[in-house]
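Here the structure is laid out as structure tokens; the discussion comes afterwards.
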Amino acid sequence: MHIERIWPDTKLRNYHFLVVCEETGDALAVDPWDAEAVLAVARQHGWNITQILNTHHHHDHCDGNARIVEATGARVLAHAGAASIIGKVDVGLADGDSIRIGRSIELECLDTPGHTMSHVCLFAHADKPALFSGDTLFNAGAGNCHNGGDPATLYETFATRIARLPDATTIYPGHEYLVNNLGFTLSREPGNAVALAMKNRLAQTGPLDIPLTTLGEEKHFNSFFRLGNPEIINGLRQQFPDLPENPAPREVFVRLRELRNKW
Ligand SMILES: [Zn+2]
Ligand SMILES: [Zn+2]
């Protein structure tokens with residue numbers, strides 16, 4: 001499995017991906033907004049885009065569908081619950097469905113509601129596991145919930161789906177927010193030395209040189225996985241005096257998400 005990370009330089013800092021079967025050159029385009037950027041990369045390498053996957057219905061994750069379909073005849077795959085909003089979806093996906101690319105790749109669909117209520121992440125069970133996390137999980141962050149989502153549902157997705165994947169899973173998020181999000185981590189947890197060192201090291205790094213992180217690494221600097229951390233809880237209790245001394249992880253997650261909205 002080859003994964004090509006594409007930077008179309010959108011105002012929302014989207015990443016696009018091509019997941020390529022190295023045996024056949026067949027490729028799946030993940031979350032295309034800038035179709036021409038994706039088509040140009042495929043053309044340059046001689047890859048055939050046979051499928052498009054939209055993790056959810058937001059325009060910056062599917063507005064490139066029509067142009068890619070026109071150029072390649074690719075089939076469009078999306079969460080069954082988002083298909084009618086996206087339009088012209090060929091395959092409606094449900095939890096546990098598998099997507100094959102060429103001869104060598106099989107990806108598993110995970111139903112991951114929260115950012116929107118019909119969102120899929122794709123998990124590759126390869127020797128190097130990978131997760132295409134759309135707007136559910138970002139580097140050092142979690143998706144917002146103000147365009148059709150729900151923070152408590154997003155917590156359930158983190159706790160029951162994402163956090164249980166292998167620590168070695170490499171994360172491929174829908175946007176580049178790492179350095180900015182590390183600022184939020186440090187606002188909640190000023191003593192997080194890993195986050196501070198990473199933020200300083202990557203301050204001037206371009207989007208295609210931002211390192212890929214694993215789920216295991218995220219657990220060290222992503223506040224939304226650090227729900228039992230005393231520094232985070234103490235800080236939250238200063239802002240939310242009603243929060244108990246030992247709050248449930250869901251409660252911590254929801255309050256963090258609320259603070260992140262205004263940060
Ligand atoms: Zn979105
Ligand atoms: Zn997005």
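Convention: chains lettered A, B, ... in structure tokens order; per-chain residue numbering from 1; ligands numbered from 1 as shown.
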
Can you tell me, as a ChimeraX atom specification, what residues are no more than 6 Å from range 141-154 of chain A when counting only C-alpha atoms, ignoring any on the same chain fewer than 3 positions away? /A:114-117,135-138,157,181,222,254

For Asn180 in chain A, work out the shell of residues within 9 Å, counting only C-alpha atoms and skipping chain neighbours fewer than 3 positions away, then give it as a PyMOL selection string. chain A and resi 140+176-177+183-184+199

Applying 7 Å and only C-alpha atoms, which residues near Leu28 in chain A remain after dropping the ones on its own chain fewer than 4 positions away? List them as a PyMOL selection string. chain A and resi 18-20+49-53+101

From the list A:Pro190, A:Gly96, A:Pro211, A:Gly174, the nearest residue to Ser133 in chain A using only C-alpha atoms is A:Gly174

Output as CSV one row per residue of chain A within 9 Å of ligand 2: the closest atom pair and its distance in Å to one decimal place, counting only C-alpha atoms and all ligand atoms, sorted by chain and residue number ascending.
residue,atom,partner,partner_atom_place_in_ligand_line,distance
A:Leu12,CA,ligand 2,1 (Zn),7.4
A:Arg13,CA,ligand 2,1 (Zn),8.6
A:Asn14,CA,ligand 2,1 (Zn),6.8
A:Asp31,CA,ligand 2,1 (Zn),8.7
A:His56,CA,ligand 2,1 (Zn),8.5
A:His58,CA,ligand 2,1 (Zn),6.5
A:His59,CA,ligand 2,1 (Zn),8.0
A:Asp60,CA,ligand 2,1 (Zn),5.8
A:His61,CA,ligand 2,1 (Zn),6.2
A:Gly134,CA,ligand 2,1 (Zn),7.0
A:Asp135,CA,ligand 2,1 (Zn),5.4
A:Gly143,CA,ligand 2,1 (Zn),8.3
A:Gly174,CA,ligand 2,1 (Zn),6.0
A:His175,CA,ligand 2,1 (Zn),6.4

Those in range 77-174 of chain A with strand (DSSP E) from DSSP, as JSON, numbers by chain: {"A": [77, 78, 79, 91, 92, 93, 98, 99, 100, 101, 105, 106, 107, 108, 109, 110, 111, 120, 121, 122, 123, 124, 130, 131, 132, 133, 134, 137, 138, 141, 142, 170, 171, 172, 173]}

Print the selection's residues with N, CA, C and O atoms to a file, as a compact mmCIF listing (two decimals), in the first residue's frame.
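Wrote part13.txt, looks like this:
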# COMPACT_ATOMS: atom_id res chain seq x y z
N LEU A 77 -17.85 6.55 -3.01
CA LEU A 77 -18.23 5.82 -1.79
C LEU A 77 -18.35 6.81 -0.65
O LEU A 77 -17.51 7.70 -0.49
N ALA A 78 -19.40 6.65 0.16
CA ALA A 78 -19.58 7.52 1.32
C ALA A 78 -20.50 6.84 2.32
O ALA A 78 -21.19 5.86 1.97
N HIS A 79 -20.50 7.34 3.53
CA HIS A 79 -21.41 6.83 4.57
C HIS A 79 -22.85 6.82 4.01
O HIS A 79 -23.29 7.82 3.42
N VAL A 91 -21.88 3.93 -3.75
CA VAL A 91 -21.89 2.91 -2.70
C VAL A 91 -22.08 3.58 -1.35
O VAL A 91 -21.24 4.40 -0.93
N GLY A 92 -23.17 3.24 -0.67
CA GLY A 92 -23.40 3.74 0.69
C GLY A 92 -22.76 2.78 1.68
O GLY A 92 -23.02 1.58 1.66
N LEU A 93 -21.91 3.30 2.55
CA LEU A 93 -21.11 2.45 3.44
C LEU A 93 -21.73 2.35 4.83
O LEU A 93 -22.33 3.29 5.33
N SER A 98 -15.95 -3.44 3.86
CA SER A 98 -14.56 -3.32 3.44
C SER A 98 -14.49 -2.76 2.03
O SER A 98 -15.38 -2.96 1.21
N ILE A 99 -13.43 -2.01 1.81
CA ILE A 99 -13.19 -1.37 0.51
C ILE A 99 -11.91 -1.97 -0.04
O ILE A 99 -10.87 -1.94 0.62
N ARG A 100 -11.98 -2.52 -1.24
CA ARG A 100 -10.79 -3.09 -1.86
C ARG A 100 -10.24 -2.13 -2.89
O ARG A 100 -11.00 -1.51 -3.64
N ILE A 101 -8.93 -2.02 -2.91
CA ILE A 101 -8.28 -1.18 -3.92
C ILE A 101 -7.29 -2.07 -4.65
O ILE A 101 -6.37 -2.63 -4.02
N ILE A 105 -5.03 -4.16 -1.44
CA ILE A 105 -5.44 -3.31 -0.31
C ILE A 105 -6.88 -3.59 0.09
O ILE A 105 -7.76 -3.69 -0.76
N GLU A 106 -7.08 -3.70 1.39
CA GLU A 106 -8.42 -3.79 1.93
C GLU A 106 -8.52 -2.83 3.12
O GLU A 106 -7.70 -2.90 4.04
N LEU A 107 -9.49 -1.94 3.05
CA LEU A 107 -9.69 -0.98 4.12
C LEU A 107 -11.02 -1.26 4.80
O LEU A 107 -12.00 -1.62 4.14
N GLU A 108 -11.03 -1.10 6.12
CA GLU A 108 -12.26 -1.33 6.88
C GLU A 108 -12.93 0.01 7.21
O GLU A 108 -12.27 0.96 7.65
N CYS A 109 -14.24 0.08 7.01
CA CYS A 109 -14.99 1.29 7.36
C CYS A 109 -15.37 1.26 8.83
O CYS A 109 -15.93 0.28 9.31
N LEU A 110 -15.06 2.34 9.51
CA LEU A 110 -15.49 2.50 10.90
C LEU A 110 -16.53 3.61 10.94
O LEU A 110 -16.28 4.71 10.43
N ASP A 111 -17.66 3.32 11.50
CA ASP A 111 -18.69 4.35 11.67
C ASP A 111 -18.24 5.24 12.84
O ASP A 111 -18.09 4.75 13.96
N VAL A 120 -17.39 8.45 8.28
CA VAL A 120 -16.60 7.20 8.33
C VAL A 120 -15.11 7.51 8.42
O VAL A 120 -14.64 8.48 7.83
N CYS A 121 -14.41 6.68 9.15
CA CYS A 121 -12.95 6.64 9.08
C CYS A 121 -12.60 5.33 8.40
O CYS A 121 -13.37 4.36 8.45
N LEU A 122 -11.44 5.29 7.76
CA LEU A 122 -11.00 4.06 7.09
C LEU A 122 -9.77 3.54 7.78
O LEU A 122 -8.80 4.29 8.00
N PHE A 123 -9.79 2.25 8.11
CA PHE A 123 -8.66 1.65 8.80
C PHE A 123 -8.02 0.60 7.91
O PHE A 123 -8.72 -0.27 7.37
N ALA A 124 -6.72 0.71 7.72
CA ALA A 124 -5.98 -0.26 6.93
C ALA A 124 -5.28 -1.23 7.85
O ALA A 124 -4.44 -0.83 8.65
N ALA A 130 -2.94 1.93 9.33
CA ALA A 130 -3.14 3.35 9.02
C ALA A 130 -4.61 3.69 9.22
O ALA A 130 -5.49 2.84 9.03
N LEU A 131 -4.85 4.93 9.60
CA LEU A 131 -6.23 5.40 9.77
C LEU A 131 -6.42 6.71 9.02
O LEU A 131 -5.69 7.67 9.26
N PHE A 132 -7.39 6.73 8.11
CA PHE A 132 -7.81 7.97 7.47
C PHE A 132 -8.93 8.52 8.34
O PHE A 132 -10.03 7.94 8.38
N SER A 133 -8.65 9.60 9.05
CA SER A 133 -9.55 9.98 10.14
C SER A 133 -10.44 11.17 9.82
O SER A 133 -11.21 11.60 10.68
N GLY A 134 -10.38 11.68 8.56
CA GLY A 134 -11.29 12.75 8.17
C GLY A 134 -11.24 13.91 9.15
O GLY A 134 -10.17 14.38 9.54
N LEU A 137 -10.55 12.82 14.03
CA LEU A 137 -9.31 12.96 14.80
C LEU A 137 -8.32 13.76 13.98
O LEU A 137 -8.04 13.42 12.83
N PHE A 138 -7.81 14.84 14.56
CA PHE A 138 -6.73 15.60 13.94
C PHE A 138 -5.46 15.36 14.74
O PHE A 138 -5.52 14.90 15.88
N GLY A 141 -5.68 17.01 18.12
CA GLY A 141 -7.00 17.62 18.26
C GLY A 141 -8.13 16.68 17.88
O GLY A 141 -7.92 15.51 17.50
N ALA A 142 -9.34 17.22 17.98
CA ALA A 142 -10.56 16.49 17.61
C ALA A 142 -11.40 17.43 16.77
O ALA A 142 -11.31 18.65 16.90
N THR A 170 -0.74 4.73 12.03
CA THR A 170 -0.40 6.07 11.53
C THR A 170 -1.68 6.81 11.17
O THR A 170 -2.58 6.24 10.55
N ILE A 171 -1.75 8.08 11.56
CA ILE A 171 -2.95 8.88 11.38
C ILE A 171 -2.82 9.76 10.13
O ILE A 171 -1.82 10.47 9.96
N TYR A 172 -3.85 9.73 9.30
CA TYR A 172 -3.92 10.59 8.11
C TYR A 172 -5.17 11.45 8.23
O TYR A 172 -6.25 11.06 7.78
N PRO A 173 -5.07 12.62 8.86
CA PRO A 173 -6.25 13.45 9.11
C PRO A 173 -6.63 14.29 7.89
O PRO A 173 -5.83 14.48 6.97

Who sits within 12 Å of Arg226 in chain A, only C-alpha atoms, same chain under 2 positions skipped, as a list in words: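 The contact residues come out as Ala140, Gly141, Phe158, Ala159, Ala163, Thr185, Arg188, Glu189, Asn192, Gly216, Glu217, Glu218, Lys219, His220, Phe221, Asn222, Ser223, Phe224, Gly228, Asn229, Pro230, Glu231, Ile232, Ile233, Pro249, Arg250, Val252, Phe253 and Leu256 of chain A.
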
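With only C-alpha atoms and all ligand atoms as the atoms that count, the residue of A:Pro166, A:Pro207, A:Pro247, A:Pro113 with the shortest distance to ligand 1 is A:Pro113.
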
Closest to ligand 1 among A:Cys62, A:Leu178, A:Ala27, A:Cys21, using only C-alpha atoms and all ligand atoms?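 Among the listed residues, the smallest separation from ligand 1 belongs to A:Cys62.
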
What separation in Å, quoted to one decimal, exists between CA of Ser104 in chain A and CA of Pro8 in chain A? 27.2 Å

Nearest to Ala80 in chain A, chosen from A:Ala126, A:Gln44, A:Asp167, A:Asn54, with only C-alpha atoms counted in the distances: A:Asn54

Could you pull out the helix (DSSP H, G or I) residues of range 50-231 of chain A from DSSP and send them as JSON, numbers by chain? {"A": [59, 60, 61, 65, 66, 67, 68, 69, 70, 71, 72, 83, 84, 85, 86, 151, 152, 153, 154, 155, 156, 157, 158, 159, 160, 161, 162, 178, 179, 180, 181, 182, 183, 184, 185, 186, 187, 188, 193, 194, 195, 196, 197, 198, 199, 200, 201, 202, 215, 216, 217, 218, 219, 220, 221, 223, 224, 225, 230, 231]}

Using only C-alpha atoms and all ligand atoms, pick whichever of A:Gly235, A:Ser118, A:Lys88, A:Leu215 has the shortest atom-to-atom distance to ligand 1.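 Of all the options, A:Ser118 lies closest to ligand 1.
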
Taking 2 positions as the minimum chain separation for residues in the same chain, which residues sit within 7 Å of Thr24 in chain A when counting only C-alpha atoms? Answer as a PDB file with C-alpha atoms, in the first residue's frame.
ATOM      1  CA  CYS A  21      -2.261  -0.497  -4.882  1.00  0.00           C
ATOM      2  CA  GLU A  22       1.349  -0.883  -5.957  1.00  0.00           C
ATOM      3  CA  ASP A  26      -5.436   1.491  -8.889  1.00  0.00           C
ATOM      4  CA  GLY A 102      -6.583  -3.084  -6.739  1.00  0.00           C
ATOM      5  CA  ARG A 103      -5.325  -6.503  -5.642  1.00  0.00           C
TER       6      ARG A 103
END

Rank A:Glu251, A:Ala203, A:His57, A:Ala94 by their smallest atom-to-atom distance to ligand 1, using only C-alpha atoms and all ligand atoms, and report the top residue only.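 When distances to ligand 1 are compared using only C-alpha atoms and all ligand atoms, the smallest one comes from A:His57.
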